file my_file_1.cif (mmCIF, C-alpha atoms)
data_protein
loop_
_atom_site.label_atom_id
_atom_site.label_comp_id
_atom_site.auth_asym_id
_atom_site.auth_seq_id
_atom_site.Cartn_x
_atom_site.Cartn_y
_atom_site.Cartn_z
CA MET A 27 -1.21 -1.12 -21.61
CA LEU A 28 -3.18 -2.38 -18.61
CA THR A 29 -1.82 -5.66 -17.21
CA LEU A 30 -4.12 -7.34 -14.72
CA ARG A 31 -2.84 -9.22 -11.65
CA ARG A 32 -5.83 -11.06 -10.18
CA ALA A 33 -6.16 -11.54 -6.44
CA GLU A 34 -6.18 -15.32 -6.78
CA GLU A 35 -2.91 -15.28 -8.73
CA ARG A 36 -0.98 -13.79 -5.80
CA GLY A 37 1.33 -15.78 -3.58
CA ARG A 38 0.19 -16.75 -0.09
CA THR A 39 1.77 -17.23 3.32
CA ASP A 40 -0.45 -18.77 6.01
CA PHE A 41 1.08 -19.17 9.48
CA GLY A 42 -2.27 -19.42 11.25
CA TRP A 43 -1.82 -16.11 13.07
CA LEU A 44 -0.91 -14.46 9.74
CA ASP A 45 -2.67 -14.79 6.41
CA SER A 46 -0.71 -12.78 3.83
CA ARG A 47 -1.26 -12.43 0.08
CA HIS A 48 1.74 -11.27 -1.97
CA THR A 49 1.31 -9.28 -5.18
CA PHE A 50 5.07 -9.46 -5.74
CA SER A 51 7.75 -12.00 -4.88
CA PHE A 52 8.26 -11.98 -1.11
CA GLY A 53 9.69 -14.23 1.59
CA HIS A 54 8.88 -17.89 0.95
CA TYR A 55 6.96 -16.91 -2.19
CA TYR A 56 9.42 -16.58 -5.07
CA ASP A 57 8.02 -15.42 -8.40
CA PRO A 58 10.61 -14.26 -10.96
CA ASP A 59 7.81 -12.91 -13.19
CA HIS A 60 6.53 -10.56 -10.46
CA MET A 61 9.56 -9.16 -8.65
CA HIS A 62 8.48 -5.50 -8.69
CA PHE A 63 6.92 -2.85 -10.91
CA GLY A 64 9.11 0.22 -11.20
CA PRO A 65 9.96 1.32 -7.64
CA LEU A 66 6.99 -0.62 -6.23
CA ARG A 67 8.56 -3.69 -4.64
CA VAL A 68 5.97 -5.19 -2.26
CA ILE A 69 2.22 -5.12 -1.73
CA ASN A 70 1.35 -7.57 1.03
CA ASP A 71 -2.32 -7.91 1.98
CA ASP A 72 -1.97 -8.96 5.64
CA ARG A 73 -4.49 -10.21 8.18
CA VAL A 74 -3.19 -10.81 11.70
CA THR A 75 -5.22 -12.51 14.43
CA GLY A 76 -5.74 -10.89 17.83
CA GLY A 77 -2.77 -10.90 20.17
CA SER A 78 -0.32 -11.84 17.39
CA GLY A 79 2.19 -10.06 15.21
CA PHE A 80 5.70 -9.70 13.87
CA PRO A 81 8.49 -9.72 16.52
CA ALA A 82 11.37 -7.25 16.18
CA HIS A 83 13.19 -7.70 12.88
CA PRO A 84 15.59 -5.60 10.76
CA HIS A 85 15.14 -3.63 7.54
CA ALA A 86 17.46 -1.43 5.48
CA ASP A 87 17.22 0.81 2.40
CA MET A 88 13.48 0.54 1.89
CA GLU A 89 10.46 2.84 2.24
CA ILE A 90 7.84 0.82 4.11
CA VAL A 91 4.26 2.12 4.04
CA SER A 92 1.48 0.58 6.13
CA TYR A 93 -2.13 1.32 5.16
CA VAL A 94 -4.60 0.01 7.74
CA LEU A 95 -7.99 -1.10 6.44
CA ASP A 96 -9.61 -2.53 9.56
CA GLY A 97 -8.52 -2.82 13.18
CA ALA A 98 -5.35 -1.40 14.70
CA LEU A 99 -1.63 -2.19 14.44
CA GLU A 100 0.89 -1.44 17.19
CA HIS A 101 4.34 -0.32 16.01
CA VAL A 102 7.59 -0.10 18.01
CA ASP A 103 11.01 0.59 16.48
CA SER A 104 14.67 1.04 17.35
CA ILE A 105 14.65 4.83 16.79
CA GLY A 106 12.25 5.31 19.69
CA THR A 107 8.94 5.46 17.84
CA GLY A 108 5.90 3.77 19.31
CA SER A 109 2.40 4.19 17.94
CA VAL A 110 -0.92 2.53 17.19
CA ILE A 111 -1.96 2.70 13.54
CA LYS A 112 -5.73 2.57 13.05
CA ALA A 113 -8.02 2.26 10.03
CA GLY A 114 -7.48 5.35 7.88
CA ASP A 115 -3.93 5.86 9.11
CA VAL A 116 -0.95 5.77 6.77
CA GLN A 117 2.51 5.14 8.20
CA ARG A 118 5.89 5.53 6.50
CA MET A 119 9.06 4.07 7.89
CA SER A 120 12.31 4.81 6.07
CA ALA A 121 14.63 1.92 6.94
CA GLY A 122 17.69 3.65 5.44
CA THR A 123 20.97 2.65 7.09
CA GLY A 124 19.13 0.14 9.27
CA ILE A 125 16.20 -0.11 11.66
CA ARG A 126 14.51 -2.78 13.75
CA HIS A 127 10.78 -2.77 14.40
CA SER A 128 7.92 -4.93 15.57
CA GLU A 129 4.28 -4.88 14.48
CA PHE A 130 1.56 -6.46 16.57
CA ASN A 131 -2.20 -6.50 16.47
CA ALA A 132 -3.23 -3.88 19.03
CA SER A 133 -6.24 -6.01 19.98
CA GLU A 134 -6.12 -9.30 21.88
CA SER A 135 -9.31 -10.54 20.22
CA GLU A 136 -10.10 -8.71 16.97
CA PRO A 137 -8.13 -9.18 13.72
CA VAL A 138 -6.27 -6.37 11.96
CA HIS A 139 -6.22 -6.05 8.17
CA PHE A 140 -3.64 -3.86 6.48
CA LEU A 141 -1.57 -3.42 3.34
CA GLN A 142 2.19 -3.37 3.76
CA ILE A 143 3.82 -1.60 0.82
CA TRP A 144 7.54 -1.47 0.10
CA ILE A 145 8.94 1.21 -2.20
CA ILE A 146 12.55 1.28 -3.40
CA PRO A 147 14.10 4.61 -2.30
CA GLU A 148 15.91 6.92 -4.71
CA LYS A 149 19.00 6.93 -2.47
CA ARG A 150 20.59 4.32 -0.27
CA GLY A 151 21.91 5.08 3.19
CA LEU A 152 19.19 7.51 4.32
CA LYS A 153 18.82 8.29 7.99
CA PRO A 154 16.05 6.07 9.41
CA SER A 155 12.83 7.99 10.05
CA TYR A 156 9.13 7.58 10.72
CA GLU A 157 5.92 9.42 9.85
CA GLN A 158 2.23 8.76 10.38
CA LYS A 159 -0.87 10.64 9.24
CA SER A 160 -4.61 9.99 9.33
CA PHE A 161 -7.05 10.37 6.45
CA SER A 162 -10.75 10.07 7.23
CA SER A 163 -13.31 8.36 5.04
CA GLU A 164 -14.67 11.79 4.16
CA ASP A 165 -11.19 12.84 2.96
CA LYS A 166 -11.31 10.02 0.39
CA ARG A 167 -14.97 9.80 -0.49
CA GLY A 168 -15.60 10.47 -4.17
CA VAL A 169 -12.10 11.87 -4.74
CA LEU A 170 -8.52 10.71 -5.17
CA ARG A 171 -6.82 11.86 -1.96
CA LEU A 172 -3.05 12.19 -2.05
CA VAL A 173 -1.75 10.24 0.97
CA GLY A 174 1.94 9.89 0.03
CA SER A 175 4.37 11.86 -2.16
CA ARG A 176 8.03 12.67 -2.65
CA ASP A 177 7.58 16.22 -1.32
CA GLY A 178 4.89 15.61 1.30
CA ARG A 179 2.54 18.05 -0.39
CA ASP A 180 -1.13 18.51 0.48
CA GLY A 181 -0.61 16.97 3.91
CA SER A 182 0.58 13.62 2.61
CA ILE A 183 3.33 11.51 4.14
CA THR A 184 6.77 11.92 2.57
CA VAL A 185 8.12 9.01 0.53
CA HIS A 186 11.79 9.14 -0.50
CA SER A 187 11.07 8.02 -4.04
CA ASP A 188 9.36 9.40 -7.15
CA VAL A 189 5.97 7.99 -6.16
CA ASP A 190 2.59 9.61 -5.53
CA ILE A 191 0.10 7.46 -3.61
CA TYR A 192 -3.61 8.24 -3.84
CA ALA A 193 -6.53 6.62 -2.00
CA THR A 194 -10.21 6.76 -2.83
CA LEU A 195 -13.58 5.54 -1.65
CA PRO A 196 -15.26 6.18 -5.00
CA GLY A 197 -18.83 5.34 -4.04
CA VAL A 198 -21.28 3.23 -6.02
CA ASP A 199 -21.27 4.14 -9.71
CA ASN A 200 -19.27 7.29 -9.03
CA THR A 201 -16.15 7.80 -11.16
CA VAL A 202 -12.85 9.40 -10.18
CA THR A 203 -10.16 10.17 -12.76
CA HIS A 204 -6.40 10.55 -12.82
CA GLU A 205 -3.96 11.42 -15.58
CA ILE A 206 -0.58 9.68 -15.71
CA LYS A 207 1.86 11.85 -17.60
CA PRO A 208 4.00 10.51 -20.47
CA GLY A 209 7.11 8.71 -19.28
CA ARG A 210 5.51 7.63 -16.00
CA ILE A 211 3.91 4.36 -14.95
CA GLY A 212 1.12 3.46 -12.55
CA TRP A 213 -0.36 0.74 -10.42
CA VAL A 214 -3.94 0.43 -9.21
CA GLN A 215 -4.66 -1.81 -6.21
CA VAL A 216 -8.19 -2.62 -5.09
CA ALA A 217 -8.02 -2.70 -1.31
CA GLY A 218 -11.67 -3.56 -0.78
CA GLY A 219 -14.97 -4.10 -2.55
CA LYS A 220 -15.52 -3.95 -6.30
CA ALA A 221 -14.56 -1.32 -8.86
CA THR A 222 -13.80 -0.84 -12.53
CA LEU A 223 -10.69 0.64 -14.13
CA ASN A 224 -11.30 2.01 -17.62
CA GLY A 225 -14.26 -0.36 -17.83
CA ARG A 226 -12.44 -3.48 -16.58
CA GLU A 227 -14.09 -5.15 -13.61
CA LEU A 228 -11.93 -5.53 -10.50
CA LYS A 229 -12.42 -6.95 -7.03
CA ALA A 230 -10.60 -6.76 -3.69
CA GLY A 231 -6.99 -7.90 -4.07
CA ASP A 232 -6.79 -7.27 -7.81
CA GLY A 233 -3.96 -5.07 -9.08
CA VAL A 234 -3.26 -3.49 -12.46
CA ALA A 235 0.08 -2.41 -13.91
CA ILE A 236 -0.26 0.69 -16.09
CA ASP A 237 2.17 1.62 -18.83
CA GLU A 238 1.58 4.12 -21.64
CA VAL A 239 -2.00 4.74 -20.57
CA GLY A 240 -2.72 8.35 -19.72
CA ARG A 241 -6.25 8.69 -18.37
CA LEU A 242 -7.49 6.42 -15.60
CA GLU A 243 -11.19 6.19 -14.82
CA ILE A 244 -12.02 4.36 -11.58
CA ALA A 245 -15.67 3.66 -10.79
CA GLY A 246 -16.97 2.12 -7.58
CA LYS A 247 -19.20 -0.92 -8.01
CA SER A 248 -19.89 -1.60 -4.33
CA ALA A 249 -20.39 0.62 -1.31
CA ASP A 250 -17.20 -0.71 0.31
CA ALA A 251 -14.96 -0.09 -2.71
CA GLU A 252 -11.53 1.25 -1.71
CA VAL A 253 -8.75 1.78 -4.23
CA LEU A 254 -5.12 2.88 -4.13
CA VAL A 255 -3.38 4.49 -7.10
CA PHE A 256 0.42 4.70 -7.46
CA ASP A 257 1.77 7.26 -9.96
CA MET A 258 5.48 6.56 -10.37
CA GLY A 259 8.69 7.30 -12.18
CA THR A 260 10.16 4.28 -13.92
CA ALA A 261 13.41 3.97 -11.93
CA ALA A 262 13.66 0.95 -9.62
#
call {"tool": "encode", "arguments": {"input": "my_file_1.cif", "output": "structure tokens"}}
result
Amino acid sequence: MLTLRRAEERGRTDFGWLDSRHTFSFGHYYDPDHMHFGPLRVINDDRVTGGSGFPAHPHADMEIVSYVLDGALEHVDSIGTGSVIKAGDVQRMSAGTGIRHSEFNASESEPVHFLQIWIIPEKRGLKPSYEQKSFSSEDKRGVLRLVGSRDGRDGSITVHSDVDIYATLPGVDNTVTHEIKPGRIGWVQVAGGKATLNGRELKAGDGVAIDEVGRLEIAGKSADAEVLVFDMGTAA
């Protein structure tokens, strides 16, 4: 079964400096019908104006993945990590027993656009940790590039949950495929442009829950198409 979650159906938070679209229930947006899908708890599509950002705030027992689409995001946390995350970078912060961090637009004038993804960890009480890796456009062009996994294989970031995260820039009318094994579920998120999933037309912000569907065929329908695929165990 493919269950479509259209971009315009998502929740929205608009603080002026922040325009955020919520695929799942989050913050001031409460949606009991879209709390999570398997271990995938949050996909926030965030745009932050220049010179603005999130002041230091706490998290615990969550895998937080930031995927920057355009611009740069400055990160500082309570375990001593400080970095700038640019387009193509993927960051993982394991909140574990507790961490504080801030995220600010690294530019005073240009906006930053990124996806913030929360994944429920397999174990509570992990030691807080941080990881960041970069994947070029060429790494993702015409292929599904593994960018996150439970075991950190193929140069991906390590996620402490039974989740594989793939990213692709499929290219116009090019098709990439992925097989979800029996007993697993998936989620496809269109980060930019237009694409199709098994023939269904999708646009930026659209997401699709996948259950009991094995073969996924993703075709780009615009030059700027960018798609994330989550291949997951069912535990939440």
call {"tool": "closest_residue", "arguments": {"input": "my_file_1.cif", "among": "A:Lys112, A:Arg179, A:Lys229, A:His186", "to": "Phe161 of chain A", "atoms": "only C-alpha atoms"}}
result
A:Lys112
call {"tool": "closest_atom_pairs", "arguments": {"input": "my_file_1.cif", "of": "segment 78-133 of chain A", "to": "segment 202-221 of chain A", "cutoff": "12 Å", "atoms": "all atoms listed in the file", "output": "CSV"}}
result
residue,atom,partner,partner_atom,distance
A:Tyr93,CA,A:Ala217,CA,9.6
A:Val94,CA,A:Ala217,CA,10.0
A:Leu95,CA,A:Ala217,CA,7.9
A:Asp96,CA,A:Gly218,CA,10.6
call {"tool": "axis_aligned_box", "arguments": {"input": "my_file_1.cif", "around": "segment 120-130 of chain A", "padding_each_side": "4 Å", "output": "JSON"}}
result
{"center_x": 11.3, "center_y": -0.8, "center_z": 11.0, "size_x": 27.4, "size_y": 19.3, "size_z": 19.1}
call {"tool": "resolve_selection", "arguments": {"input": "my_file_1.cif", "expression": "the PyMOL selection byres ((chain A and resi 253) around 12)", "output": "number ranges by chain"}}
result
A: 93, 95, 141, 166-171, 191-197, 201-202, 213-223, 228-234, 243-248, 250-252, 254-256
call {"tool": "write_last_selection", "arguments": {"input": "my_file_1.cif", "atoms": "C-alpha atoms", "output": "tab-separated table (two decimals), in the frame of the given file"}}
result
chain	number	residue	atom	x	y	z
A	93	TYR	CA	-2.13	1.32	5.16
A	95	LEU	CA	-7.99	-1.10	6.44
A	141	LEU	CA	-1.57	-3.42	3.34
A	166	LYS	CA	-11.31	10.02	0.39
A	167	ARG	CA	-14.97	9.80	-0.49
A	168	GLY	CA	-15.60	10.47	-4.17
A	169	VAL	CA	-12.10	11.87	-4.74
A	170	LEU	CA	-8.52	10.71	-5.17
A	171	ARG	CA	-6.82	11.86	-1.96
A	191	ILE	CA	0.10	7.46	-3.61
A	192	TYR	CA	-3.61	8.24	-3.84
A	193	ALA	CA	-6.53	6.62	-2.00
A	194	THR	CA	-10.21	6.76	-2.83
A	195	LEU	CA	-13.58	5.54	-1.65
A	196	PRO	CA	-15.26	6.18	-5.00
A	197	GLY	CA	-18.83	5.34	-4.04
A	201	THR	CA	-16.15	7.80	-11.16
A	202	VAL	CA	-12.85	9.40	-10.18
A	213	TRP	CA	-0.36	0.74	-10.42
A	214	VAL	CA	-3.94	0.43	-9.21
A	215	GLN	CA	-4.66	-1.81	-6.21
A	216	VAL	CA	-8.19	-2.62	-5.09
A	217	ALA	CA	-8.02	-2.70	-1.31
A	218	GLY	CA	-11.67	-3.56	-0.78
A	219	GLY	CA	-14.97	-4.10	-2.55
A	220	LYS	CA	-15.52	-3.95	-6.30
A	221	ALA	CA	-14.56	-1.32	-8.86
A	222	THR	CA	-13.80	-0.84	-12.53
A	223	LEU	CA	-10.69	0.64	-14.13
A	228	LEU	CA	-11.93	-5.53	-10.50
A	229	LYS	CA	-12.42	-6.95	-7.03
A	230	ALA	CA	-10.60	-6.76	-3.69
A	231	GLY	CA	-6.99	-7.90	-4.07
A	232	ASP	CA	-6.79	-7.27	-7.81
A	233	GLY	CA	-3.96	-5.07	-9.08
A	234	VAL	CA	-3.26	-3.49	-12.46
A	243	GLU	CA	-11.19	6.19	-14.82
A	244	ILE	CA	-12.02	4.36	-11.58
A	245	ALA	CA	-15.67	3.66	-10.79
A	246	GLY	CA	-16.97	2.12	-7.58
A	247	LYS	CA	-19.20	-0.92	-8.01
A	248	SER	CA	-19.89	-1.60	-4.33
A	250	ASP	CA	-17.20	-0.71	0.31
A	251	ALA	CA	-14.96	-0.09	-2.71
A	252	GLU	CA	-11.53	1.25	-1.71
A	254	LEU	CA	-5.12	2.88	-4.13
A	255	VAL	CA	-3.38	4.49	-7.10
A	256	PHE	CA	0.42	4.70	-7.46
call {"tool": "resolve_selection", "arguments": {"input": "my_file_1.cif", "expression": "the PyMOL selection byres ((chain A and resi 128) around 9)", "output": "PyMOL selection string"}}
result
chain A and resi 79-83+100-103+126-127+129-130
call {"tool": "write_last_selection", "arguments": {"input": "my_file_1.cif", "atoms": "C-alpha atoms", "output": "CSV table (one decimal), in the frame of the given file"}}
result
chain,number,residue,atom,x,y,z
A,79,GLY,CA,2.2,-10.1,15.2
A,80,PHE,CA,5.7,-9.7,13.9
A,81,PRO,CA,8.5,-9.7,16.5
A,82,ALA,CA,11.4,-7.2,16.2
A,83,HIS,CA,13.2,-7.7,12.9
A,100,GLU,CA,0.9,-1.4,17.2
A,101,HIS,CA,4.3,-0.3,16.0
A,102,VAL,CA,7.6,-0.1,18.0
A,103,ASP,CA,11.0,0.6,16.5
A,126,ARG,CA,14.5,-2.8,13.8
A,127,HIS,CA,10.8,-2.8,14.4
A,129,GLU,CA,4.3,-4.9,14.5
A,130,PHE,CA,1.6,-6.5,16.6
call {"tool": "resolve_selection", "arguments": {"input": "my_file_1.cif", "expression": "the PyMOL selection byres ((chain A and resi 46) around 12)", "output": "number ranges by chain"}}
result
A: 33, 36-45, 47-50, 52-55, 68-75, 138-142, 231
call {"tool": "atom_distance", "arguments": {"input": "my_file_1.cif", "atom1": "atom CA of Glu238 of chain A", "atom2": "atom CA of Met27 of chain A"}}
result
5.9 Å
call {"tool": "residues_around", "arguments": {"input": "my_file_1.cif", "residues": "Lys149 of chain A", "least_positions_apart": "2", "cutoff": "10 Å", "atoms": "only C-alpha atoms", "output": "NGL selection string"}}
result
:A and (87-88 or 122 or 146-147 or 151-152 or 186-187)
call {"tool": "atom_distance", "arguments": {"input": "my_file_1.cif", "atom1": "atom CA of Ser182 of chain A", "atom2": "atom CA of Ser92 of chain A"}}
result
13.5 Å
call {"tool": "atom_distance", "arguments": {"input": "my_file_1.cif", "atom1": "atom CA of Ser133 of chain A", "atom2": "atom CA of Tyr156 of chain A"}}
result
22.5 Å
call {"tool": "build_atoms", "arguments": {"input": "my_file_1.cif", "residues": "segment 119-142 of chain A", "atoms": "N, CA and C atoms", "output": "JSON list (two decimals), in the frame of the given file"}}
result
[["chain", "number", "residue", "atom", "x", "y", "z"],
["A", 119, "MET", "N", 7.82, 4.29, 7.18],
["A", 119, "MET", "CA", 9.06, 4.07, 7.89],
["A", 119, "MET", "C", 10.18, 3.96, 6.86],
["A", 120, "SER", "N", 11.14, 4.87, 6.93],
["A", 120, "SER", "CA", 12.31, 4.81, 6.07],
["A", 120, "SER", "C", 13.38, 3.99, 6.80],
["A", 121, "ALA", "N", 13.69, 2.80, 6.26],
["A", 121, "ALA", "CA", 14.63, 1.92, 6.94],
["A", 121, "ALA", "C", 16.07, 2.42, 6.80],
["A", 122, "GLY", "N", 16.40, 3.01, 5.65],
["A", 122, "GLY", "CA", 17.69, 3.65, 5.44],
["A", 122, "GLY", "C", 18.87, 2.78, 5.85],
["A", 123, "THR", "N", 19.74, 3.33, 6.68],
["A", 123, "THR", "CA", 20.97, 2.65, 7.09],
["A", 123, "THR", "C", 20.70, 1.46, 8.00],
["A", 124, "GLY", "N", 19.47, 1.30, 8.47],
["A", 124, "GLY", "CA", 19.13, 0.14, 9.27],
["A", 124, "GLY", "C", 18.21, 0.49, 10.42],
["A", 125, "ILE", "N", 17.17, -0.31, 10.59],
["A", 125, "ILE", "CA", 16.20, -0.11, 11.66],
["A", 125, "ILE", "C", 15.62, -1.47, 12.03],
["A", 126, "ARG", "N", 15.24, -1.60, 13.29],
["A", 126, "ARG", "CA", 14.51, -2.78, 13.75],
["A", 126, "ARG", "C", 13.14, -2.32, 14.21],
["A", 127, "HIS", "N", 12.12, -3.13, 13.92],
["A", 127, "HIS", "CA", 10.78, -2.77, 14.40],
["A", 127, "HIS", "C", 9.95, -4.03, 14.60],
["A", 128, "SER", "N", 8.90, -3.87, 15.38],
["A", 128, "SER", "CA", 7.92, -4.93, 15.57],
["A", 128, "SER", "C", 6.54, -4.37, 15.24],
["A", 129, "GLU", "N", 5.66, -5.25, 14.79],
["A", 129, "GLU", "CA", 4.28, -4.88, 14.48],
["A", 129, "GLU", "C", 3.36, -5.94, 15.06],
["A", 130, "PHE", "N", 2.47, -5.53, 15.95],
["A", 130, "PHE", "CA", 1.56, -6.46, 16.57],
["A", 130, "PHE", "C", 0.13, -5.94, 16.47],
["A", 131, "ASN", "N", -0.81, -6.87, 16.39],
["A", 131, "ASN", "CA", -2.20, -6.50, 16.47],
["A", 131, "ASN", "C", -2.43, -5.82, 17.81],
["A", 132, "ALA", "N", -3.00, -4.63, 17.79],
["A", 132, "ALA", "CA", -3.23, -3.88, 19.03],
["A", 132, "ALA", "C", -4.37, -4.46, 19.86],
["A", 133, "SER", "N", -5.13, -5.38, 19.27],
["A", 133, "SER", "CA", -6.24, -6.01, 19.98],
["A", 133, "SER", "C", -5.88, -7.45, 20.33],
["A", 134, "GLU", "N", -6.33, -7.91, 21.48],
["A", 134, "GLU", "CA", -6.12, -9.30, 21.88],
["A", 134, "GLU", "C", -7.13, -10.23, 21.24],
["A", 135, "SER", "N", -8.22, -9.68, 20.71],
["A", 135, "SER", "CA", -9.31, -10.54, 20.22],
["A", 135, "SER", "C", -9.72, -10.29, 18.77],
["A", 136, "GLU", "N", -9.64, -9.04, 18.31],
["A", 136, "GLU", "CA", -10.10, -8.71, 16.97],
["A", 136, "GLU", "C", -8.95, -8.74, 15.97],
["A", 137, "PRO", "N", -9.20, -9.18, 14.73],
["A", 137, "PRO", "CA", -8.13, -9.18, 13.72],
["A", 137, "PRO", "C", -7.81, -7.77, 13.24],
["A", 138, "VAL", "N", -6.63, -7.61, 12.63],
["A", 138, "VAL", "CA", -6.27, -6.37, 11.96],
["A", 138, "VAL", "C", -5.96, -6.71, 10.50],
["A", 139, "HIS", "N", -6.40, -5.86, 9.61],
["A", 139, "HIS", "CA", -6.22, -6.05, 8.17],
["A", 139, "HIS", "C", -5.52, -4.81, 7.63],
["A", 140, "PHE", "N", -4.38, -5.00, 7.00],
["A", 140, "PHE", "CA", -3.64, -3.86, 6.48],
["A", 140, "PHE", "C", -2.83, -4.25, 5.25],
["A", 141, "LEU", "N", -2.47, -3.24, 4.46],
["A", 141, "LEU", "CA", -1.57, -3.42, 3.34],
["A", 141, "LEU", "C", -0.19, -2.94, 3.76],
["A", 142, "GLN", "N", 0.81, -3.79, 3.55],
["A", 142, "GLN", "CA", 2.19, -3.37, 3.76],
["A", 142, "GLN", "C", 2.82, -3.20, 2.39]]
